[in-house]
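Coordinates from final25.cif are shown below (mmCIF, C-alpha atoms and all ligand atoms).
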```
data_target
#
loop_
_atom_site.label_atom_id
_atom_site.label_comp_id
_atom_site.auth_asym_id
_atom_site.auth_seq_id
_atom_site.Cartn_x
_atom_site.Cartn_y
_atom_site.Cartn_z
CA MET A 1 -13.78 39.24 45.54
CA SER A 2 -14.53 41.93 42.97
CA ALA A 3 -17.79 43.84 42.79
CA ILE A 4 -21.09 42.19 41.96
CA VAL A 5 -22.05 43.24 38.45
CA LEU A 6 -25.09 41.14 37.85
CA GLU A 7 -27.62 39.60 40.17
CA ALA A 8 -30.77 37.66 39.41
CA LYS A 9 -33.10 36.39 42.12
CA GLY A 10 -35.98 34.01 41.51
CA LEU A 11 -36.38 34.99 37.86
CA VAL A 12 -39.41 33.44 36.22
CA LYS A 13 -40.76 33.96 32.73
CA ARG A 14 -44.07 32.56 31.56
CA TYR A 15 -45.51 32.77 28.08
CA GLY A 16 -49.17 31.99 28.74
CA GLU A 17 -49.19 28.47 30.16
CA ALA A 18 -45.61 27.76 29.05
CA VAL A 19 -42.78 28.35 31.54
CA ALA A 20 -39.59 29.41 29.74
CA VAL A 21 -37.63 30.25 32.92
CA ALA A 22 -38.73 28.60 36.14
CA GLY A 23 -36.62 30.36 38.81
CA VAL A 24 -33.10 31.51 38.04
CA ASP A 25 -30.69 32.79 40.69
CA MET A 26 -27.31 34.08 39.59
CA THR A 27 -24.58 36.31 40.96
CA VAL A 28 -21.72 37.38 38.70
CA HIS A 29 -18.67 39.42 39.69
CA GLN A 30 -16.70 41.95 37.68
CA GLY A 31 -14.22 40.43 35.22
CA GLU A 32 -15.76 36.96 35.26
CA VAL A 33 -16.38 35.04 32.05
CA ILE A 34 -19.49 32.94 32.59
CA GLY A 35 -20.56 30.18 30.23
CA LEU A 36 -24.33 29.77 29.86
CA LEU A 37 -24.87 26.18 28.82
CA GLY A 38 -27.69 23.76 28.40
CA PRO A 39 -29.83 21.96 25.86
CA ASN A 40 -32.00 23.82 23.35
CA GLY A 41 -35.00 25.34 25.05
CA ALA A 42 -33.46 25.27 28.55
CA GLY A 43 -34.06 29.00 29.08
CA LYS A 44 -30.70 30.65 28.32
CA THR A 45 -31.95 33.13 25.72
CA THR A 46 -35.01 34.07 27.76
CA THR A 47 -32.77 34.71 30.78
CA ILE A 48 -30.49 36.90 28.65
CA LEU A 49 -33.51 38.86 27.37
CA MET A 50 -34.55 39.55 30.97
CA LEU A 51 -31.01 40.64 31.91
CA LEU A 52 -31.02 43.03 28.97
CA GLY A 53 -34.44 44.40 29.87
CA LEU A 54 -35.83 43.24 26.54
CA THR A 55 -38.51 41.15 28.15
CA GLU A 56 -40.22 41.59 31.50
CA ALA A 57 -39.80 38.89 34.14
CA SER A 58 -43.09 37.35 35.35
CA GLU A 59 -41.48 37.06 38.81
CA GLY A 60 -38.18 37.84 40.47
CA GLU A 61 -35.59 40.61 40.44
CA VAL A 62 -32.67 41.55 38.23
CA SER A 63 -29.91 44.01 38.84
CA VAL A 64 -27.25 44.75 36.24
CA LEU A 65 -24.47 47.16 37.27
CA GLY A 66 -26.71 48.13 40.17
CA LYS A 67 -29.60 49.04 37.89
CA ASP A 68 -32.94 47.48 37.06
CA PRO A 69 -33.01 46.76 33.30
CA LEU A 70 -36.76 47.42 33.10
CA ARG A 71 -36.88 50.59 35.18
CA GLN A 72 -33.65 52.06 33.82
CA PRO A 73 -33.54 50.55 30.30
CA LEU A 74 -31.45 53.30 28.71
CA GLU A 75 -28.72 53.21 31.35
CA VAL A 76 -28.52 49.43 31.17
CA LYS A 77 -28.49 49.37 27.36
CA ARG A 78 -25.68 51.93 27.36
CA GLU A 79 -23.42 49.77 29.51
CA VAL A 80 -24.47 46.26 28.52
CA GLY A 81 -23.63 45.06 25.03
CA TYR A 82 -25.20 42.09 23.27
CA LEU A 83 -23.44 40.35 20.39
CA PRO A 84 -25.92 38.06 18.63
CA ASP A 85 -25.00 34.83 16.88
CA ALA A 86 -25.27 36.48 13.45
CA VAL A 87 -24.13 40.07 13.80
CA GLY A 88 -26.19 42.34 11.55
CA PHE A 89 -24.18 45.02 9.78
CA TYR A 90 -24.87 46.85 6.55
CA ASP A 91 -22.87 45.03 3.86
CA THR A 92 -22.65 48.02 1.54
CA MET A 93 -21.11 50.23 4.22
CA THR A 94 -17.55 49.96 5.49
CA GLY A 95 -16.83 48.62 8.95
CA ARG A 96 -16.08 52.13 10.11
CA GLU A 97 -19.31 53.55 8.64
CA ASN A 98 -21.25 50.80 10.36
CA LEU A 99 -19.69 51.72 13.71
CA VAL A 100 -20.50 55.41 13.21
CA TYR A 101 -24.09 54.44 12.44
CA THR A 102 -24.54 52.07 15.38
CA GLY A 103 -22.72 54.50 17.67
CA LYS A 104 -25.24 57.23 16.79
CA LEU A 105 -28.11 54.78 17.30
CA ALA A 106 -26.69 54.04 20.74
CA GLY A 107 -26.81 57.75 21.52
CA LEU A 108 -23.08 58.52 21.29
CA SER A 109 -22.11 62.00 20.17
CA ARG A 110 -20.11 62.37 16.95
CA LYS A 111 -17.24 63.64 19.09
CA ALA A 112 -17.29 60.53 21.27
CA ILE A 113 -17.49 58.29 18.20
CA ASP A 114 -14.51 60.02 16.54
CA HIS A 115 -12.61 59.78 19.79
CA ARG A 116 -13.17 56.05 20.29
CA ILE A 117 -13.59 54.48 16.86
CA ASP A 118 -9.90 54.11 15.95
CA ALA A 119 -8.94 52.51 19.25
CA ALA A 120 -11.91 50.13 19.03
CA LEU A 121 -11.04 49.05 15.47
CA GLU A 122 -7.34 48.70 16.30
CA ARG A 123 -8.20 46.66 19.37
CA VAL A 124 -9.97 44.02 17.25
CA ARG A 125 -7.32 44.24 14.52
CA LEU A 126 -9.58 45.89 11.97
CA GLY A 127 -7.57 49.12 11.80
CA ASP A 128 -7.06 48.91 8.02
CA ALA A 129 -9.96 46.64 7.16
CA GLY A 130 -12.31 49.16 8.80
CA ARG A 131 -12.16 51.09 5.54
CA ARG A 132 -13.44 48.15 3.54
CA ARG A 133 -17.06 47.23 2.89
CA VAL A 134 -18.45 44.70 5.32
CA SER A 135 -19.54 42.55 2.34
CA THR A 136 -15.84 41.65 1.97
CA TYR A 137 -15.50 40.55 5.62
CA SER A 138 -15.10 36.97 6.82
CA ARG A 139 -17.35 35.72 9.61
CA GLY A 140 -14.50 36.20 12.08
CA MET A 141 -14.06 39.84 11.01
CA ARG A 142 -17.80 40.47 11.43
CA GLN A 143 -17.65 39.07 14.95
CA ARG A 144 -14.65 41.29 15.73
CA LEU A 145 -16.49 44.30 14.32
CA GLY A 146 -19.35 43.42 16.66
CA ILE A 147 -16.95 43.51 19.59
CA ALA A 148 -15.49 46.80 18.32
CA GLU A 149 -19.00 48.25 18.52
CA LEU A 150 -19.32 47.17 22.16
CA LEU A 151 -15.86 48.60 22.91
CA MET A 152 -16.73 51.89 21.25
CA ARG A 153 -19.85 52.05 23.42
CA ASP A 154 -17.59 51.37 26.42
CA CYS A 155 -19.78 48.45 27.55
CA LYS A 156 -18.94 47.10 31.00
CA VAL A 157 -20.87 43.87 30.45
CA MET A 158 -20.84 41.91 27.21
CA ILE A 159 -23.29 39.13 26.43
CA LEU A 160 -22.04 37.02 23.56
CA ASP A 161 -24.23 34.46 21.80
CA GLU A 162 -22.23 31.65 20.13
CA PRO A 163 -19.38 34.07 19.31
CA THR A 164 -17.15 31.44 17.73
CA SER A 165 -19.67 29.34 15.80
CA GLY A 166 -18.58 28.98 12.20
CA LEU A 167 -15.09 30.36 12.86
CA ASP A 168 -11.96 28.49 11.79
CA PRO A 169 -9.57 27.37 14.57
CA GLN A 170 -7.23 30.35 14.14
CA SER A 171 -10.06 32.91 14.20
CA THR A 172 -11.57 31.10 17.19
CA HIS A 173 -8.27 31.28 19.04
CA GLU A 174 -7.87 35.00 18.30
CA LEU A 175 -11.40 35.82 19.41
CA LEU A 176 -11.03 33.83 22.63
CA GLU A 177 -7.77 35.60 23.41
CA LEU A 178 -9.47 38.95 22.89
CA ILE A 179 -12.38 37.97 25.16
CA GLN A 180 -9.95 36.89 27.88
CA GLN A 181 -8.03 40.16 27.61
CA LEU A 182 -11.24 42.16 27.94
CA ALA A 183 -12.18 40.17 31.04
CA SER A 184 -8.74 40.75 32.57
CA GLU A 185 -9.36 44.48 32.10
CA GLY A 186 -12.55 44.23 34.16
CA ILE A 187 -15.23 43.68 31.53
CA THR A 188 -17.74 41.04 32.62
CA ILE A 189 -18.67 38.52 29.98
CA LEU A 190 -21.59 36.12 29.64
CA LEU A 191 -21.15 33.66 26.84
CA SER A 192 -23.89 31.40 25.58
CA SER A 193 -22.50 28.50 23.58
CA HIS A 194 -22.87 24.84 22.68
CA GLN A 195 -19.13 24.63 21.92
CA LEU A 196 -17.96 23.18 25.21
CA ASP A 197 -14.23 23.24 24.41
CA VAL A 198 -14.52 26.98 23.78
CA VAL A 199 -16.39 27.48 27.02
CA GLN A 200 -13.85 25.47 29.01
CA ALA A 201 -10.99 27.42 27.45
CA ILE A 202 -12.12 30.81 28.70
CA CYS A 203 -14.91 30.62 31.26
CA SER A 204 -14.20 31.02 34.95
CA ARG A 205 -17.55 29.43 35.82
CA VAL A 206 -20.36 27.72 33.96
CA ALA A 207 -24.12 27.84 34.52
CA LEU A 208 -25.90 24.68 33.40
CA PHE A 209 -29.49 25.46 32.45
CA ASN A 210 -31.98 22.65 32.68
CA LYS A 211 -35.70 23.07 32.12
CA GLY A 212 -35.74 26.76 32.97
CA ARG A 213 -33.47 26.56 36.01
CA ILE A 214 -29.77 26.71 36.67
CA GLY A 215 -29.02 23.20 37.87
CA PHE A 216 -25.36 23.85 38.46
CA PHE A 217 -23.29 27.05 38.73
CA GLY A 218 -19.55 26.79 39.36
CA THR A 219 -16.18 25.80 37.93
CA VAL A 220 -15.62 22.78 35.70
CA ASP A 221 -13.66 21.12 38.53
CA GLU A 222 -16.58 21.66 40.89
CA LEU A 223 -18.95 20.19 38.30
CA ALA A 224 -16.76 17.10 37.96
CA GLN A 225 -16.74 16.74 41.74
CA GLN A 226 -20.45 17.33 42.14
CA ILE A 227 -21.34 14.49 39.82
CA GLY A 228 -19.38 12.17 42.08
CA ARG A 229 -16.30 12.06 39.89
CA GLY A 230 -12.96 13.67 40.34
CA ALA A 231 -11.64 16.79 38.74
CA PHE A 232 -8.42 14.87 37.99
CA ILE A 233 -8.20 12.10 35.45
CA VAL A 234 -5.18 9.79 35.27
CA ASP A 235 -4.69 7.56 32.24
CA VAL A 236 -2.65 4.55 33.34
CA GLU A 237 -0.90 1.97 31.15
CA ALA A 238 0.57 -1.00 32.96
CA GLY A 239 1.27 -4.71 32.43
CA GLY A 240 1.01 -7.79 34.65
CA ILE A 241 -1.74 -6.49 36.98
CA ASP A 242 -5.43 -5.66 37.06
CA LEU A 243 -5.72 -2.09 38.29
CA THR A 244 -9.54 -2.09 38.43
CA SER A 245 -9.82 -3.11 42.07
CA LEU A 246 -6.28 -2.24 43.18
CA ALA A 247 -6.57 1.48 42.35
CA GLN A 248 -9.66 1.87 44.55
CA LYS A 249 -7.32 1.57 47.56
CA ALA A 250 -5.72 4.93 46.89
CA ASP A 251 -7.21 7.77 48.88
CA GLY A 252 -8.90 10.26 46.53
CA VAL A 253 -9.79 7.77 43.79
CA ALA A 254 -13.42 8.21 42.73
CA SER A 255 -13.68 5.60 39.99
CA VAL A 256 -11.58 3.24 37.86
CA ALA A 257 -12.59 2.16 34.37
CA LYS A 258 -10.77 -0.32 32.16
CA VAL A 259 -10.36 1.24 28.72
CA SER A 260 -8.63 -1.72 27.00
CA ASP A 261 -6.11 -4.42 27.90
CA GLY A 262 -3.48 -2.84 30.18
CA VAL A 263 -5.12 0.64 29.99
CA TRP A 264 -7.28 2.23 32.72
CA GLN A 265 -8.84 5.61 33.33
CA VAL A 266 -8.79 6.65 36.96
CA GLU A 267 -10.87 9.60 38.18
CA ALA A 268 -9.77 11.22 41.40
CA THR A 269 -10.32 14.24 43.58
CA ARG A 270 -6.58 15.07 43.50
CA ASP A 271 -3.37 14.08 41.69
CA VAL A 272 -3.00 10.43 42.68
CA ARG A 273 -0.14 9.53 40.32
CA PRO A 274 2.39 8.76 43.10
CA GLU A 275 -0.07 6.39 44.84
CA LEU A 276 -1.01 4.70 41.55
CA ALA A 277 2.66 4.18 40.62
CA LYS A 278 3.30 2.60 44.03
CA ILE A 279 0.25 0.34 43.74
CA VAL A 280 1.38 -0.95 40.32
CA VAL A 281 4.95 -1.55 41.45
CA ASP A 282 3.95 -3.15 44.82
CA ALA A 283 1.66 -5.55 42.95
CA GLY A 284 4.58 -6.62 40.77
CA GLY A 285 3.27 -4.91 37.63
CA SER A 286 5.24 -2.89 35.10
CA LEU A 287 4.24 0.73 34.72
CA ARG A 288 4.35 1.99 31.13
CA ASN A 289 2.60 5.36 31.34
CA LEU A 290 0.84 7.73 33.75
CA ASP A 291 -0.84 10.83 32.29
CA LEU A 292 -2.69 13.41 34.33
CA ARG A 293 -5.33 15.69 32.85
CA ARG A 294 -8.18 17.79 34.19
CA ALA A 295 -11.79 16.72 33.80
CA ARG A 296 -13.17 17.87 30.48
CA LEU A 297 -16.30 19.99 30.41
CA ASP A 298 -17.88 17.90 27.64
CA GLU A 299 -17.51 14.71 29.72
CA ALA A 300 -18.83 16.35 32.89
CA TYR A 301 -21.66 18.03 30.96
CA ASN A 302 -22.81 14.81 29.34
CA ARG A 303 -22.74 12.95 32.64
CA TYR A 304 -24.59 15.73 34.40
CA PHE A 305 -27.44 15.70 31.88
CA THR A 306 -27.53 11.88 31.80
CA GLU A 307 -27.88 11.85 35.58
CA VAL A 308 -30.55 14.55 35.48
CA ALA A 309 -32.49 12.55 32.85
CA ASN A 310 -32.14 9.33 34.88
CA ALA A 311 -33.32 11.06 38.05
CA ALA A 312 -36.44 12.41 36.31
N1 LIG B 1 -41.88 34.18 22.86
C1 LIG B 1 -42.09 32.94 23.30
N2 LIG B 1 -43.33 32.43 23.38
C2 LIG B 1 -43.55 31.17 23.84
N3 LIG B 1 -42.58 30.33 24.26
C3 LIG B 1 -41.31 30.78 24.20
C4 LIG B 1 -40.99 32.10 23.73
N4 LIG B 1 -39.64 32.26 23.79
C5 LIG B 1 -39.16 31.10 24.28
N5 LIG B 1 -40.14 30.22 24.53
C6 LIG B 1 -39.99 28.86 25.07
O1 LIG B 1 -39.26 28.95 26.28
C7 LIG B 1 -38.35 27.88 26.41
C8 LIG B 1 -36.93 28.41 26.62
O2 LIG B 1 -36.47 28.98 25.41
P1 LIG B 1 -35.04 29.70 25.25
O3 LIG B 1 -34.99 30.26 23.87
O4 LIG B 1 -34.85 30.64 26.37
O5 LIG B 1 -34.05 28.46 25.39
P2 LIG B 1 -32.47 28.41 25.08
O6 LIG B 1 -31.88 27.72 26.25
O7 LIG B 1 -31.96 29.75 24.75
O8 LIG B 1 -32.39 27.46 23.80
P3 LIG B 1 -31.33 27.49 22.56
O9 LIG B 1 -30.10 26.76 23.04
O10 LIG B 1 -32.07 26.73 21.51
O11 LIG B 1 -31.09 28.91 22.19
C9 LIG B 1 -38.52 27.02 25.16
O12 LIG B 1 -39.39 25.96 25.44
C10 LIG B 1 -39.13 27.98 24.17
O13 LIG B 1 -39.94 27.29 23.23
#
```
For this file, write the structure as structure tokens.
Ligand SMILES: Nc1ncnc2c1ncn2[C@@H]1O[C@H](COP(=O)(O)OP(=O)(O)OP(=O)(O)O)[C@@H](O)[C@H]1O
Amino acid sequence: MSAIVLEAKGLVKRYGEAVAVAGVDMTVHQGEVIGLLGPNGAGKTTTILMLLGLTEASEGEVSVLGKDPLRQPLEVKREVGYLPDAVGFYDTMTGRENLVYTGKLAGLSRKAIDHRIDAALERVRLGDAGRRRVSTYSRGMRQRLGIAELLMRDCKVMILDEPTSGLDPQSTHELLELIQQLASEGITILLSSHQLDVVQAICSRVALFNKGRIGFFGTVDELAQQIGRGAFIVDVEAGGIDLTSLAQKADGVASVAKVSDGVWQVEATRDVRPELAKIVVDAGGSLRNLDLRRARLDEAYNRYFTEVANAA
């Protein structure tokens, strides 16, 4: 397992009587892409602010790259980059001028900026466009310029807030590919988003925030399993039988739901297609289709929060 980059223990944040974060524990390793998910007001932003050292925890401990964000704010800010939902650049300046400006603000020398700016702009495919005013940029280009800034600062941890909101499918795809490449090179990424398909596409693990706590922290498969379902979903089409009770016999089947006449959705803890095919044939039915897919984050997420609400 790679090095621990970020560790939070018992983080609490109170605003007067109100509790924004009620006890967050989190360990993140180098090169992971972590999705921070949860309903509005669940405590994601407040947790991020504490990780960045922008707000003081009422209780608990944080360590980012081995440093305390409150005691060593400059060191942490140098190595940890935050890309907000709406990236603020000066419209009348070019992309390149903006990077020079923010680089100086971040304490980089002119020499370091000159040394890194071209590679950073090339990396996000703004090599030519970097000479244009930001007012002419699309939302996707602004987001990429934001990432170029973090690259120029050589950030080891990047915290991205809704990086793909408002982007068209092509720009979304390109940005996700870039994020994955950065992670594969050892940059650790925390991504806060309500776009669950985006999160599932790139995150190694997800943290589900609920009322100021992380209720679940793990992979999408683990989430599907934890809520009593399987990580594997088999869509079955067959005639001449009723699979609803028959499929339960197969080892590994967690649930069977009839979708429509002759169509069932089977959730399982492993790939149960061979067993299901045998069950259909042994019962004298005719098998028309068997499709395997992995549990989807949006389904698991919705079930998780429904269960949490029911348990309350
Ligand atoms: N400065 C503040 N003063 C008082 N209460 C606050 C403050 N900041 C946040 N809160 C409260 O703390 C709780 C958690 O807010 P937070 O912004 O961390 O949630 P979030 O999960 O990021 O939500 P969203 O998905 O909407 O961004 C909310 O109830 C919010 O109203």
Q. So which residues fall inside 12 Å of (-9.5, 56.7, 5.4) if we count all atoms listed in the file? Mind giving them as a count of residues only?
A. 11
Given 6 Å and only C-alpha atoms and all ligand atoms, residues near ligand LIG 1 (chain B) as a PDB file with C-alpha atoms, in the frame of the given file:
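New file pocket-v3.pdb:
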```
ATOM      1  CA  TYR A  15     -45.510  32.770  28.080  1.00  0.00           C
ATOM      2  CA  ALA A  20     -39.590  29.410  29.740  1.00  0.00           C
ATOM      3  CA  PRO A  39     -29.830  21.960  25.860  1.00  0.00           C
ATOM      4  CA  ASN A  40     -32.000  23.820  23.350  1.00  0.00           C
ATOM      5  CA  GLY A  41     -35.000  25.340  25.050  1.00  0.00           C
ATOM      6  CA  ALA A  42     -33.460  25.270  28.550  1.00  0.00           C
ATOM      7  CA  GLY A  43     -34.060  29.000  29.080  1.00  0.00           C
ATOM      8  CA  LYS A  44     -30.700  30.650  28.320  1.00  0.00           C
ATOM      9  CA  THR A  45     -31.950  33.130  25.720  1.00  0.00           C
ATOM     10  CA  THR A  46     -35.010  34.070  27.760  1.00  0.00           C
TER      11      THR A  46
END
```
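Around region 77-91 of chain A, within 8 Å and counting only C-alpha atoms, the residues found are Leu52, Pro69, Pro73, Asn98, Ala106, Arg133, Val134, Ser135, Arg142, Gln143, Gly146, Ile147, Leu150, Arg153, Asp154, Cys155, Lys156, Val157, Met158, Ile159, Leu160, Asp161, Glu162, Pro163 and Ser165 of chain A, once anything fewer than 4 positions away on its own chain is removed.
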List every residue of region 121-211 of chain A that has an atom at most 9 Å from any atom of region 288-307 of chain A, and for each one report the closest atom pair and its distance in Å to one decimal, counting all atoms listed in the file, with rows sorted by chain and then by increasing residue number, as JSON lines.
```
{"residue": "A:Gln195", "atom": "CA", "partner": "A:Asp298", "partner_atom": "CA", "distance": 8.9}
{"residue": "A:Leu196", "atom": "CA", "partner": "A:Asp298", "partner_atom": "CA", "distance": 5.8}
{"residue": "A:Asp197", "atom": "CA", "partner": "A:Leu297", "partner_atom": "CA", "distance": 7.1}
{"residue": "A:Val199", "atom": "CA", "partner": "A:Leu297", "partner_atom": "CA", "distance": 8.2}
{"residue": "A:Gln200", "atom": "CA", "partner": "A:Leu297", "partner_atom": "CA", "distance": 6.2}
{"residue": "A:Leu208", "atom": "CA", "partner": "A:Tyr301", "partner_atom": "CA", "distance": 8.3}
{"residue": "A:Asn210", "atom": "CA", "partner": "A:Phe305", "partner_atom": "CA", "distance": 8.3}
```
Q) If I put a ball of radius 8 Å at (-34.2, 36.6, 36.2) in the file's coordinates, which residues poke into it when counting all atoms listed in the file, written as a list of chain:residue names? A) A:Ala8, A:Lys9, A:Gly10, A:Leu11, A:Val12, A:Lys13, A:Val21, A:Gly23, A:Val24, A:Asp25, A:Thr47, A:Met50, A:Leu51, A:Ala57, A:Glu59, A:Gly60, A:Glu61, A:Val62
**Q.** Between CA of Leu246 (chain A) and CA of Asp282 (chain A) - distance in Å to one decimal
**A.**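 The value is 10.4 Å.
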Q: Please measure the separation of CA of Glu185 (chain A) and CA of Gln72 (chain A), giving the value in Å to one decimal.
A: 25.5 Å
**Q.** One-decimal distance in Å that lies between CA of Phe232 (chain A) and CA of Ser286 (chain A)
**A.**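 We find that CA of Ser286 (chain A) and CA of Phe232 (chain A) lie 22.6 Å from each other.
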Q: Counting only C-alpha atoms, figure out which residue out of A:Glu32, A:Glu177, A:Glu275, A:Glu122 gets nearest to Val198 (chain A).
A: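 Closest to Val198 (chain A), using only C-alpha atoms: A:Glu177.
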**Q.** Nearest to Arg144 (chain A), chosen from A:Leu167, A:Leu54, A:Ala312, A:Val236, with only C-alpha atoms counted in the distances
**A.**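 Closest to Arg144 (chain A), using only C-alpha atoms: A:Leu167.
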(Q) Here is a test: counting all atoms listed in the file, which residue of A:Ala112, A:Gly166, A:Glu7, A:Leu243 is nearest to Ser138 (chain A)? (A) A:Gly166
Leu287 (chain A) environment, 10 Å, only C-alpha atoms, sequence neighbours closer than 2 positions dropped, as a PDB file with C-alpha atoms, keeping the file's coordinate frame:
```
ATOM      1  CA  VAL A 236      -2.650   4.550  33.340  1.00  0.00           C
ATOM      2  CA  GLU A 237      -0.900   1.970  31.150  1.00  0.00           C
ATOM      3  CA  ALA A 238       0.570  -1.000  32.960  1.00  0.00           C
ATOM      4  CA  GLY A 239       1.270  -4.710  32.430  1.00  0.00           C
ATOM      5  CA  GLY A 240       1.010  -7.790  34.650  1.00  0.00           C
ATOM      6  CA  ILE A 241      -1.740  -6.490  36.980  1.00  0.00           C
ATOM      7  CA  GLY A 262      -3.480  -2.840  30.180  1.00  0.00           C
ATOM      8  CA  LEU A 276      -1.010   4.700  41.550  1.00  0.00           C
ATOM      9  CA  ALA A 277       2.660   4.180  40.620  1.00  0.00           C
ATOM     10  CA  LYS A 278       3.300   2.600  44.030  1.00  0.00           C
ATOM     11  CA  ILE A 279       0.250   0.340  43.740  1.00  0.00           C
ATOM     12  CA  VAL A 280       1.380  -0.950  40.320  1.00  0.00           C
ATOM     13  CA  VAL A 281       4.950  -1.550  41.450  1.00  0.00           C
ATOM     14  CA  GLY A 284       4.580  -6.620  40.770  1.00  0.00           C
ATOM     15  CA  GLY A 285       3.270  -4.910  37.630  1.00  0.00           C
ATOM     16  CA  ASN A 289       2.600   5.360  31.340  1.00  0.00           C
ATOM     17  CA  LEU A 290       0.840   7.730  33.750  1.00  0.00           C
TER      18      LEU A 290
END
```
Spatial neighbours of Ile34 (chain A), 10 Å, all atoms listed in the file, chain gap at least 6 places, as an mmCIF file with C-alpha atoms, keeping the file's coordinate frame:
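Contents of part06.cif, as written:
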```cif
data_model
loop_
_atom_site.group_PDB
_atom_site.id
_atom_site.type_symbol
_atom_site.label_atom_id
_atom_site.label_comp_id
_atom_site.auth_asym_id
_atom_site.auth_seq_id
_atom_site.Cartn_x
_atom_site.Cartn_y
_atom_site.Cartn_z
ATOM 1 C CA VAL A 28 -21.720 37.380 38.700
ATOM 2 C CA ILE A 159 -23.290 39.130 26.430
ATOM 3 C CA THR A 188 -17.740 41.040 32.620
ATOM 4 C CA ILE A 189 -18.670 38.520 29.980
ATOM 5 C CA LEU A 190 -21.590 36.120 29.640
ATOM 6 C CA LEU A 191 -21.150 33.660 26.840
ATOM 7 C CA SER A 192 -23.890 31.400 25.580
ATOM 8 C CA VAL A 199 -16.390 27.480 27.020
ATOM 9 C CA ILE A 202 -12.120 30.810 28.700
ATOM 10 C CA CYS A 203 -14.910 30.620 31.260
ATOM 11 C CA SER A 204 -14.200 31.020 34.950
ATOM 12 C CA ARG A 205 -17.550 29.430 35.820
ATOM 13 C CA VAL A 206 -20.360 27.720 33.960
ATOM 14 C CA ALA A 207 -24.120 27.840 34.520
ATOM 15 C CA PHE A 217 -23.290 27.050 38.730
ATOM 16 C CA GLY A 218 -19.550 26.790 39.360
ATOM 17 C CA THR A 219 -16.180 25.800 37.930
#
```
From the block I gave, I'd like region 72-114 of chain A written with C-alpha atoms, as a compact mmCIF listing (two decimals), in the first residue's frame.
```txt
# COMPACT_ATOMS: atom_id res chain seq x y z
CA GLN A 72 2.10 24.70 9.07
CA PRO A 73 -0.40 26.53 6.82
CA LEU A 74 2.14 27.76 4.26
CA GLU A 75 3.70 24.34 3.68
CA VAL A 76 0.29 22.73 3.32
CA LYS A 77 -1.02 25.46 0.99
CA ARG A 78 2.06 25.05 -1.19
CA GLU A 79 1.46 21.35 -1.74
CA VAL A 80 -2.31 21.11 -1.59
CA GLY A 81 -4.33 22.67 -4.39
CA TYR A 82 -8.02 23.50 -4.27
CA LEU A 83 -10.05 23.89 -7.45
CA PRO A 84 -13.40 25.49 -6.60
CA ASP A 85 -16.63 24.88 -8.47
CA ALA A 86 -16.36 28.22 -10.28
CA VAL A 87 -12.69 28.91 -10.90
CA GLY A 88 -11.97 32.63 -10.55
CA PHE A 89 -9.58 33.99 -13.16
CA TYR A 90 -9.20 37.50 -14.52
CA ASP A 91 -11.17 37.60 -17.78
CA THR A 92 -9.19 40.45 -19.28
CA MET A 93 -5.88 38.64 -18.83
CA THR A 94 -4.70 35.70 -20.91
CA GLY A 95 -4.56 32.22 -19.42
CA ARG A 96 -0.80 32.50 -19.24
CA GLU A 97 -0.91 35.91 -17.52
CA ASN A 98 -3.36 34.52 -15.00
CA LEU A 99 -0.98 31.65 -14.20
CA VAL A 100 1.95 34.04 -13.77
CA TYR A 101 -0.19 36.10 -11.40
CA THR A 102 -1.46 33.19 -9.31
CA GLY A 103 2.00 31.60 -9.33
CA LYS A 104 3.45 34.78 -7.78
CA LEU A 105 0.61 34.89 -5.25
CA ALA A 106 1.48 31.31 -4.32
CA GLY A 107 5.06 32.42 -3.66
CA LEU A 108 6.72 30.92 -6.76
CA SER A 109 9.75 32.72 -8.12
CA ARG A 110 9.57 34.14 -11.65
CA LYS A 111 12.22 31.61 -12.61
CA ALA A 112 10.13 28.70 -11.33
CA ILE A 113 7.04 30.06 -13.08
CA ASP A 114 8.88 30.42 -16.41
```
